[in-house]
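Participant: Structure: run_26.txt, compact mmCIF, C-alpha atoms.
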# COMPACT_ATOMS: atom_id res chain seq x y z
CA MET Y 1 -7.82 -21.41 -7.56
CA ARG Y 2 -7.57 -22.04 -3.81
CA LYS Y 3 -9.67 -25.14 -4.38
CA ILE Y 4 -8.55 -26.51 -7.75
CA ALA Y 5 -4.97 -25.18 -8.21
CA PRO Y 6 -3.63 -23.66 -4.98
CA VAL Y 7 -0.11 -23.69 -6.44
CA PHE Y 8 -0.32 -22.88 -10.15
CA HIS Y 9 2.45 -22.77 -12.75
CA ASP Y 10 1.77 -20.34 -15.59
CA GLU Y 11 3.74 -21.90 -18.45
CA GLN Y 12 3.34 -18.80 -20.61
CA THR Y 13 5.20 -16.49 -18.19
CA GLY Y 14 7.10 -19.08 -16.13
CA SER Y 15 5.64 -17.65 -12.90
CA TRP Y 16 4.25 -19.72 -10.04
CA HIS Y 17 1.12 -18.43 -8.32
CA VAL Y 18 0.20 -19.22 -4.70
CA PHE Y 19 -3.35 -18.70 -3.42
CA ARG Y 20 -3.89 -20.31 0.01
CA TYR Y 21 -3.27 -18.47 3.29
CA ASP Y 22 -0.65 -20.88 4.70
CA ASP Y 23 1.34 -20.95 1.46
CA VAL Y 24 1.16 -17.17 0.98
CA GLN Y 25 2.29 -16.60 4.57
CA ARG Y 26 5.22 -18.98 4.04
CA VAL Y 27 6.28 -17.38 0.76
CA LEU Y 28 6.17 -13.91 2.34
CA SER Y 29 8.14 -14.85 5.46
CA GLU Y 30 10.69 -17.55 4.46
CA PHE Y 31 13.27 -15.22 2.92
CA ALA Y 32 15.99 -17.91 2.84
CA THR Y 33 13.89 -19.85 0.31
CA PHE Y 34 11.70 -17.16 -1.24
CA SER Y 35 13.94 -14.17 -1.86
CA SER Y 36 12.74 -10.61 -2.38
CA ARG Y 37 15.62 -9.96 -4.75
CA MET Y 38 14.09 -9.85 -8.20
CA GLY Y 39 16.12 -10.91 -11.22
CA GLY Y 40 16.48 -8.21 -13.86
CA ASP Y 41 13.84 -5.58 -14.50
CA ASN Y 42 11.25 -7.93 -16.03
CA GLY Y 43 10.21 -5.23 -18.47
CA SER Y 44 8.69 -3.00 -15.80
CA GLY Y 45 11.03 -0.05 -16.32
CA SER Y 46 11.41 0.47 -12.56
CA GLY Y 47 14.77 -1.24 -12.26
CA GLN Y 48 16.97 1.72 -11.37
CA LEU Y 49 14.49 3.12 -8.87
CA PHE Y 50 13.80 -0.04 -6.92
CA ALA Y 51 17.05 -1.98 -7.52
CA SER Y 52 18.33 -1.39 -3.97
CA SER Y 53 15.02 -0.75 -2.23
CA LEU Y 54 13.98 -2.38 1.06
CA ILE Y 55 11.26 -4.24 -0.80
CA VAL Y 56 13.77 -6.12 -2.99
CA THR Y 57 16.45 -6.74 -0.34
CA ASP Y 58 16.96 -9.76 1.93
CA PRO Y 59 18.54 -9.90 5.41
CA PRO Y 60 21.08 -9.01 6.63
CA ARG Y 61 21.19 -5.93 4.34
CA HIS Y 62 17.42 -5.55 4.59
CA ARG Y 63 17.62 -5.40 8.39
CA GLN Y 64 20.35 -2.75 8.23
CA LEU Y 65 18.45 -0.59 5.74
CA ARG Y 66 15.14 -0.92 7.54
CA SER Y 67 16.67 0.12 10.86
CA LEU Y 68 17.52 3.52 9.33
CA VAL Y 69 13.88 4.51 8.82
CA THR Y 70 12.18 2.47 11.54
CA GLN Y 71 12.32 5.38 14.00
CA ALA Y 72 10.19 7.54 11.69
CA PHE Y 73 7.39 4.96 11.71
CA THR Y 74 7.26 3.74 15.33
CA PRO Y 75 3.82 4.02 17.00
CA LYS Y 76 5.16 6.91 19.13
CA ALA Y 77 6.54 8.82 16.11
CA VAL Y 78 3.35 8.21 14.14
CA ASP Y 79 1.12 9.30 17.04
CA ALA Y 80 2.99 12.62 17.06
CA LEU Y 81 1.60 13.21 13.54
CA THR Y 82 -2.01 12.99 14.79
CA PRO Y 83 -2.64 16.78 15.11
CA ARG Y 84 -1.27 17.41 11.61
CA ILE Y 85 -3.34 14.60 10.05
CA GLN Y 86 -6.46 15.83 11.87
CA GLY Y 87 -5.79 19.38 10.65
CA LEU Y 88 -5.31 18.28 7.05
CA THR Y 89 -8.48 16.16 7.17
CA HIS Y 90 -10.42 19.14 8.55
CA GLU Y 91 -9.11 21.42 5.78
CA LEU Y 92 -9.90 18.92 3.01
CA LEU Y 93 -13.44 18.24 4.28
CA GLN Y 94 -14.12 21.94 4.84
CA GLY Y 95 -13.60 22.42 1.12
CA ILE Y 96 -16.40 20.00 0.17
CA GLN Y 97 -18.75 19.85 3.19
CA ALA Y 98 -21.26 22.37 1.90
CA ARG Y 99 -21.51 20.77 -1.55
CA GLY Y 100 -23.37 17.60 -0.61
CA SER Y 101 -21.54 15.54 -3.26
CA ALA Y 102 -17.93 14.76 -4.17
CA ASP Y 103 -15.44 12.24 -5.50
CA LEU Y 104 -13.89 11.14 -2.20
CA ILE Y 105 -10.79 9.69 -3.86
CA LYS Y 106 -9.93 13.03 -5.48
CA GLU Y 107 -10.99 15.24 -2.58
CA LEU Y 108 -9.72 13.30 0.47
CA ALA Y 109 -8.33 9.76 0.03
CA TYR Y 110 -5.65 10.87 -2.45
CA PRO Y 111 -4.47 14.26 -1.10
CA LEU Y 112 -4.30 13.32 2.60
CA PRO Y 113 -1.60 10.58 2.46
CA VAL Y 114 0.27 12.35 -0.35
CA ILE Y 115 0.62 15.51 1.76
CA VAL Y 116 1.63 13.53 4.87
CA ILE Y 117 4.38 11.49 3.15
CA SER Y 118 5.55 14.51 1.12
CA GLU Y 119 5.98 16.55 4.30
CA LEU Y 120 7.88 13.69 5.98
CA MET Y 121 10.22 13.54 2.98
CA GLY Y 122 10.52 17.32 2.63
CA ILE Y 123 8.93 17.43 -0.83
CA PRO Y 124 7.74 20.90 -1.96
CA ALA Y 125 3.96 21.27 -2.15
CA LYS Y 126 4.15 22.30 -5.82
CA ASP Y 127 5.47 18.84 -6.75
CA ARG Y 128 2.68 16.72 -5.21
CA GLU Y 129 0.68 16.37 -8.43
CA ARG Y 130 3.74 15.00 -10.22
CA PHE Y 131 4.16 12.52 -7.38
CA LYS Y 132 0.62 11.27 -7.77
CA TYR Y 133 1.12 10.76 -11.50
CA TRP Y 134 4.42 8.91 -11.05
CA SER Y 135 3.10 6.56 -8.38
CA ASP Y 136 -0.05 5.84 -10.43
CA VAL Y 137 2.11 4.85 -13.40
CA ILE Y 138 4.39 2.67 -11.27
CA VAL Y 139 1.57 0.68 -9.62
CA SER Y 140 -0.13 0.18 -12.99
CA GLN Y 141 2.91 -1.86 -14.04
CA THR Y 142 2.97 -5.58 -13.46
CA ARG Y 143 6.12 -7.64 -13.18
CA THR Y 144 4.91 -10.04 -15.84
CA GLY Y 145 3.79 -7.34 -18.27
CA SER Y 146 6.00 -5.17 -20.40
CA ALA Y 147 6.44 -1.48 -19.72
CA THR Y 148 5.08 1.17 -22.06
CA GLU Y 149 6.87 4.36 -23.11
CA GLU Y 150 4.84 6.13 -20.41
CA HIS Y 151 6.24 3.78 -17.75
CA TYR Y 152 9.83 4.38 -18.83
CA ALA Y 153 9.29 8.14 -19.08
CA ALA Y 154 7.73 8.33 -15.61
CA ASN Y 155 10.52 6.26 -14.06
CA THR Y 156 13.17 8.40 -15.76
CA GLU Y 157 11.52 11.64 -14.60
CA MET Y 158 11.17 10.34 -11.05
CA THR Y 159 14.79 9.16 -10.93
CA GLU Y 160 16.06 12.53 -12.18
CA TYR Y 161 13.83 14.38 -9.71
CA PHE Y 162 15.08 12.39 -6.72
CA LEU Y 163 18.73 12.64 -7.82
CA ALA Y 164 18.37 16.44 -7.93
CA LEU Y 165 16.62 16.45 -4.53
CA ILE Y 166 19.36 14.27 -2.99
CA ASP Y 167 22.05 16.67 -4.32
CA GLN Y 168 20.11 19.62 -2.91
CA ARG Y 169 19.85 18.02 0.54
CA ARG Y 170 23.56 17.20 0.56
CA SER Y 171 24.36 20.92 0.47
CA ARG Y 172 21.31 22.10 2.47
CA PRO Y 173 20.17 19.32 4.85
CA GLY Y 174 16.93 19.66 6.80
CA LYS Y 175 14.99 17.56 9.30
CA ASP Y 176 13.20 15.50 6.64
CA LEU Y 177 13.67 11.78 5.98
CA ILE Y 178 15.87 12.26 2.92
CA SER Y 179 18.30 14.40 4.95
CA VAL Y 180 18.29 11.77 7.73
CA LEU Y 181 19.09 9.02 5.21
CA LEU Y 182 21.91 11.09 3.66
CA SER Y 183 23.63 11.39 7.03
CA ALA Y 184 23.02 7.76 8.03
CA GLU Y 185 25.78 5.14 8.06
CA ILE Y 186 25.85 1.35 8.13
CA ASP Y 187 29.13 -0.08 9.44
CA GLY Y 188 30.77 3.27 8.78
CA GLN Y 189 29.51 3.41 5.18
CA LYS Y 190 27.03 5.95 3.78
CA LEU Y 191 24.11 4.71 1.72
CA THR Y 192 24.76 4.34 -2.00
CA VAL Y 193 22.85 6.48 -4.48
CA PRO Y 194 20.78 3.46 -5.67
CA GLU Y 195 19.85 2.75 -2.03
CA LEU Y 196 18.80 6.36 -1.51
CA LEU Y 197 16.76 6.25 -4.72
CA GLY Y 198 15.15 3.01 -3.56
CA PHE Y 199 14.09 4.60 -0.27
CA CYS Y 200 12.64 7.66 -2.02
CA ALA Y 201 10.64 5.62 -4.55
CA LEU Y 202 9.37 3.15 -1.97
CA LEU Y 203 8.33 5.84 0.53
CA LEU Y 204 6.53 7.76 -2.21
CA VAL Y 205 4.56 4.85 -3.64
CA ALA Y 206 3.94 2.89 -0.43
CA GLY Y 207 3.30 6.09 1.51
CA ASN Y 208 0.42 7.34 -0.58
CA GLU Y 209 -0.99 4.82 -3.05
CA THR Y 210 -1.91 2.07 -0.59
CA THR Y 211 -3.40 4.41 2.04
CA THR Y 212 -5.48 6.16 -0.62
CA ASN Y 213 -6.92 2.76 -1.52
CA LEU Y 214 -7.46 1.78 2.12
CA ILE Y 215 -9.59 4.89 2.73
CA GLY Y 216 -11.51 4.50 -0.54
CA ASN Y 217 -12.08 0.77 -0.03
CA ALA Y 218 -13.29 1.45 3.52
CA VAL Y 219 -15.92 3.96 2.37
CA LEU Y 220 -17.08 1.48 -0.28
CA CYS Y 221 -17.39 -1.31 2.31
CA LEU Y 222 -19.27 0.90 4.80
CA THR Y 223 -21.74 2.27 2.27
CA GLU Y 224 -22.42 -1.19 0.78
CA LYS Y 225 -23.68 -2.68 4.05
CA PRO Y 226 -26.80 -0.93 5.42
CA GLY Y 227 -26.62 0.14 9.06
CA THR Y 228 -22.81 -0.07 9.33
CA ILE Y 229 -22.21 3.71 9.35
CA GLU Y 230 -24.96 4.28 11.93
CA ARG Y 231 -23.45 1.61 14.15
CA LEU Y 232 -19.96 3.09 13.93
CA LEU Y 233 -21.35 6.48 14.95
CA ARG Y 234 -22.93 4.83 18.01
CA GLU Y 235 -19.85 2.69 18.77
CA PRO Y 236 -16.69 4.61 17.79
CA ALA Y 237 -14.52 1.93 19.45
CA LEU Y 238 -15.58 -0.37 16.61
CA LEU Y 239 -13.71 1.71 14.01
CA PRO Y 240 -10.19 0.13 14.44
CA PRO Y 241 -11.46 -3.49 14.01
CA THR Y 242 -13.60 -2.28 11.09
CA ILE Y 243 -10.46 -0.96 9.38
CA GLU Y 244 -8.80 -4.37 9.92
CA GLU Y 245 -11.79 -6.03 8.25
CA VAL Y 246 -11.48 -3.62 5.30
CA LEU Y 247 -7.80 -4.60 5.04
CA ARG Y 248 -8.84 -8.25 4.87
CA PHE Y 249 -11.91 -7.92 2.68
CA ARG Y 250 -10.54 -5.44 0.12
CA SER Y 251 -6.78 -5.64 0.56
CA PRO Y 252 -5.06 -2.51 -0.87
CA VAL Y 253 -2.08 -4.71 -1.82
CA GLN Y 254 -3.27 -7.82 -3.65
CA SER Y 255 0.01 -9.54 -4.48
CA MET Y 256 3.72 -9.63 -3.74
CA TYR Y 257 6.61 -11.15 -5.70
CA ARG Y 258 9.42 -13.44 -4.65
CA MET Y 259 12.11 -15.55 -6.35
CA THR Y 260 13.05 -19.05 -5.19
CA VAL Y 261 16.66 -19.26 -4.01
CA ALA Y 262 16.50 -23.06 -3.84
CA GLU Y 263 14.02 -25.74 -4.88
CA ALA Y 264 10.89 -25.44 -2.72
CA THR Y 265 7.96 -27.75 -2.05
CA LEU Y 266 4.51 -26.27 -1.49
CA GLY Y 267 1.90 -28.95 -0.90
CA GLU Y 268 2.39 -31.49 -3.67
CA ASP Y 269 4.16 -29.06 -5.99
CA VAL Y 270 7.91 -28.64 -6.39
CA ILE Y 271 9.01 -25.16 -7.47
CA PRO Y 272 12.50 -25.08 -9.02
CA ALA Y 273 15.24 -22.68 -7.93
CA GLY Y 274 15.26 -19.34 -9.72
CA ALA Y 275 11.51 -19.30 -10.34
CA PRO Y 276 9.36 -16.16 -9.90
CA VAL Y 277 6.56 -16.65 -7.36
CA VAL Y 278 3.43 -14.49 -6.95
CA ALA Y 279 1.90 -14.63 -3.47
CA TRP Y 280 -1.77 -13.62 -3.74
CA ILE Y 281 -2.49 -11.72 -0.50
CA GLY Y 282 -6.03 -10.87 -1.64
CA SER Y 283 -6.79 -14.57 -2.03
CA ALA Y 284 -5.15 -15.56 1.27
CA ASN Y 285 -7.31 -13.02 3.10
CA ARG Y 286 -10.42 -14.81 1.83
CA ASP Y 287 -9.21 -18.35 2.52
CA GLU Y 288 -12.06 -20.47 3.88
CA ARG Y 289 -9.58 -22.43 5.99
CA HIS Y 290 -8.78 -19.35 8.08
CA PHE Y 291 -11.84 -17.12 7.94
CA GLU Y 292 -15.48 -17.99 8.52
CA ARG Y 293 -17.78 -16.55 5.83
CA PRO Y 294 -14.74 -15.00 4.07
CA ALA Y 295 -16.80 -13.41 1.29
CA GLU Y 296 -18.78 -11.40 3.87
CA PHE Y 297 -17.71 -8.01 5.24
CA ASP Y 298 -18.16 -8.41 9.00
CA VAL Y 299 -17.17 -5.66 11.46
CA ASP Y 300 -17.69 -8.13 14.32
CA ARG Y 301 -15.14 -10.61 12.99
CA GLY Y 302 -12.93 -10.19 16.06
CA GLN Y 303 -9.46 -11.71 15.76
CA ASN Y 304 -8.42 -10.88 12.23
CA ARG Y 305 -5.03 -12.31 11.23
CA HIS Y 306 -5.10 -10.91 7.70
CA LEU Y 307 -1.93 -10.61 5.59
CA ALA Y 308 -2.75 -7.20 4.11
CA PHE Y 309 0.49 -5.70 5.49
CA GLY Y 310 2.55 -8.76 4.58
CA HIS Y 311 4.29 -11.04 7.07
CA GLY Y 312 7.76 -11.58 8.51
CA VAL Y 313 10.75 -9.28 8.01
CA HIS Y 314 9.01 -7.37 5.21
CA PHE Y 315 5.90 -6.57 7.30
CA CYS Y 316 4.79 -3.11 6.15
CA LEU Y 317 6.89 -0.43 7.83
CA GLY Y 318 4.12 2.14 7.35
CA ALA Y 319 1.29 0.07 8.85
CA PRO Y 320 0.91 2.31 11.95
CA LEU Y 321 0.75 5.43 9.74
CA ALA Y 322 -1.77 3.86 7.32
CA ARG Y 323 -4.01 2.78 10.21
CA LEU Y 324 -3.83 6.24 11.82
CA GLU Y 325 -4.63 8.10 8.60
CA ALA Y 326 -7.55 5.77 7.86
CA ARG Y 327 -8.92 6.07 11.39
CA ILE Y 328 -8.77 9.88 11.43
CA ALA Y 329 -10.17 10.24 7.89
CA LEU Y 330 -13.05 7.81 8.42
CA ALA Y 331 -14.05 9.20 11.82
CA ALA Y 332 -14.19 12.69 10.31
CA LEU Y 333 -16.12 11.53 7.24
CA LEU Y 334 -18.77 9.74 9.28
CA SER Y 335 -19.29 12.58 11.75
CA ARG Y 336 -19.15 15.49 9.27
CA LEU Y 337 -20.90 14.05 6.21
CA PRO Y 338 -24.26 12.77 7.57
CA GLY Y 339 -26.16 10.27 5.43
CA LEU Y 340 -23.04 9.34 3.47
CA SER Y 341 -23.94 7.07 0.53
CA LEU Y 342 -22.75 6.15 -2.95
CA VAL Y 343 -24.16 8.19 -5.83
CA PRO Y 344 -26.74 5.71 -7.27
CA GLU Y 345 -25.54 5.94 -10.88
CA ALA Y 346 -21.83 6.09 -9.93
CA ARG Y 347 -19.55 3.88 -12.01
CA LEU Y 348 -17.12 1.91 -9.88
CA GLU Y 349 -13.93 1.34 -11.84
CA ARG Y 350 -10.87 -0.27 -10.28
CA MET Y 351 -7.29 0.84 -10.83
CA GLU Y 352 -5.40 -0.91 -13.62
CA SER Y 353 -3.01 -2.98 -11.54
CA SER Y 354 -2.58 -6.58 -10.45
CA ILE Y 355 -0.56 -5.39 -7.43
CA VAL Y 356 -2.76 -2.81 -5.72
CA TYR Y 357 -6.55 -2.71 -5.47
CA GLY Y 358 -8.63 0.45 -5.31
CA LEU Y 359 -11.08 2.66 -7.15
CA LYS Y 360 -10.26 5.34 -9.71
CA GLU Y 361 -13.05 7.47 -8.26
CA LEU Y 362 -15.70 7.17 -5.56
CA ARG Y 363 -18.65 9.52 -5.98
CA VAL Y 364 -20.75 9.97 -2.82
CA ASN Y 365 -23.66 12.07 -1.58
CA TRP Y 366 -24.50 13.28 1.92
CA GLN Y 367 -27.05 15.55 3.60
CA GLN Y 368 -26.03 19.18 3.45
CA ALA Y 369 -26.04 21.05 6.76
What do you get writing this file as structure tokens?
Facilitator:
Amino acid sequence: MRKIAPVFHDEQTGSWHVFRYDDVQRVLSEFATFSSRMGGDNGSGSGQLFASSLIVTDPPRHRQLRSLVTQAFTPKAVDALTPRIQGLTHELLQGIQARGSADLIKELAYPLPVIVISELMGIPAKDRERFKYWSDVIVSQTRTGSATEEHYAANTEMTEYFLALIDQRRSRPGKDLISVLLSAEIDGQKLTVPELLGFCALLLVAGNETTTNLIGNAVLCLTEKPGTIERLLREPALLPPTIEEVLRFRSPVQSMYRMTVAEATLGEDVIPAGAPVVAWIGSANRDERHFERPAEFDVDRGQNRHLAFGHGVHFCLGAPLARLEARIALAALLSRLPGLSLVPEARLERMESSIVYGLKELRVNWQQA
């Protein structure tokens, strides 16, 4: 598509699809032309939850909302979580180390980010499994597809859960993010209930689903290319750029949606006002015009200007946390599970989503101590 139809109009759905790096970057960053405000619910069933979320808000309101949670995700604030993330990783690996085989998604890549974001939000441990189910259902939805009864049920349950939690924190505030948001004001005004719901839903889904996939995709990349794990053990300083290459090569978020505010020209194509636009991040990160040998996983790539965390005002707020969790988890995996490799007969099945990219399970073997 980058070659033959870099800007493609799907007449069946009315959506425009953008595949090249420069166009994707422009769509993601030019909010005055390509708005994040989505029209209607588009059959996804997530309308009430995400109606006033950061992800579907433009400046200046976006800037005001984002400033309320920025402090929780600064590099300094995230670094302070290092001991807790290391402790959790140790506990999770201790439970499987002696076995010599495990599904790494189930045993590490899923629980680690879920526990971290749940603790930041003050979510009781007993509710984490429900969270995983809800976020799985939400990311399986596509904006162009219609929602099933399961989608609507999950969104209703999640909305009711967060409304009850918000009421609880109003009477008994703590030090968690939800309590902080309840006390926050913008121009003397408290956040509305839809805005609070939007924050809760976005933090839940973005805080666990994408990091789970980053860790899983990283293990897949490392085990696919012989010698990579051994090299990382010899050169631990290579781990951060390796994670950036995973973000490029197997982007956890494959696409983002925008709506044209005014008529826009991309290349030779004119997109009318009010048209839905899909920016394909996964395609942009493999654009031959920006990356040499884009279809090759290369830990020595060096400067890596991928768009995996988006671009512009909507650049992923949780990027420092995702990078930290991935770095800690992968360093521990490589040092504590020697000879890590995919189970030969393992079936690799991707999640059912056009938005996020990751594996349902990742069965691996290693040498038992």
Participant: Closest to Y:Val27 among Y:Gly207, Y:Gly339, Y:Gly310, Y:Pro113, using all atoms listed in the file?
Facilitator: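 Using all atoms listed in the file, Y:Val27 sits closest to Y:Gly310.
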Participant: Return as a Markdown table the residues of stretch 284-366 of chain Y lying at most 8 Å from stretch 64-85 of chain Y, together with the closest atom-to-atom pair for each and the distance in Å to one decimal, counting all atoms listed in the file, with rows in chain order and ascending residue number.
Facilitator:
| residue | atom | partner | partner_atom | distance |
| --- | --- | --- | --- | --- |
| Y:Leu317 | CA | Y:Phe73 | CA | 6.7 |
| Y:Gly318 | CA | Y:Phe73 | CA | 6.1 |
| Y:Pro320 | CA | Y:Pro75 | CA | 6.1 |
| Y:Leu321 | CA | Y:Val78 | CA | 5.8 |
| Y:Leu324 | CA | Y:Thr82 | CA | 7.6 |
| Y:Glu325 | CA | Y:Ile85 | CA | 6.8 |
| Y:Ile328 | CA | Y:Ile85 | CA | 7.3 |
Participant: Which residues, written as a PyMOL selection string, have at least one atom at most 9 Å from Y:Tyr357, with all atoms listed in the file counted and residues fewer than 6 positions away on the same chain left out?
Facilitator: chain Y and resi 210+213-214+217+250-254+350-351
Participant: If you measure from atom CA of Y:Gln25 to atom CA of Y:His311, what distance in Å do you get, rounded to one decimal?
Facilitator: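 Going from atom CA of Y:Gln25 over to atom CA of Y:His311, I get 6.4 Å.
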Participant: Find the residues near Y:Lys132: any atom within 12 Å, counting only C-alpha atoms, skip ones fewer than 6 places away on the same chain, and give them as a PyMOL selection string.
Facilitator: chain Y and resi 106+109-115+117-118+125-126+138-139+154+158+201+204-210+212
Participant: Find the residues around Y:Leu342 up to 7 Å (only C-alpha atoms counted), leave out those fewer than 2 positions away in its own chain, and share them as a list in words.
Facilitator: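 Those residues are Thr223, Pro344, Arg363, Val364 and Asn365 of chain Y.
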Participant: Interatomic distance between atom CA of Y:Leu88 and atom CA of Y:Leu197?
Facilitator: 27.8 Å
Participant: As an exercise, work out the distance from atom CA of Y:Thr148 to atom CA of Y:Val278 in Å and give it to one decimal place.
Facilitator: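 These atoms are spaced 21.8 Å apart.
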Participant: With only C-alpha atoms as the atoms that count, which of Y:Arg305, Y:Arg289, Y:Arg63, Y:Arg128 lies nearest to Y:Pro241?
Facilitator: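 Closest residue, counting only C-alpha atoms: Y:Arg305.
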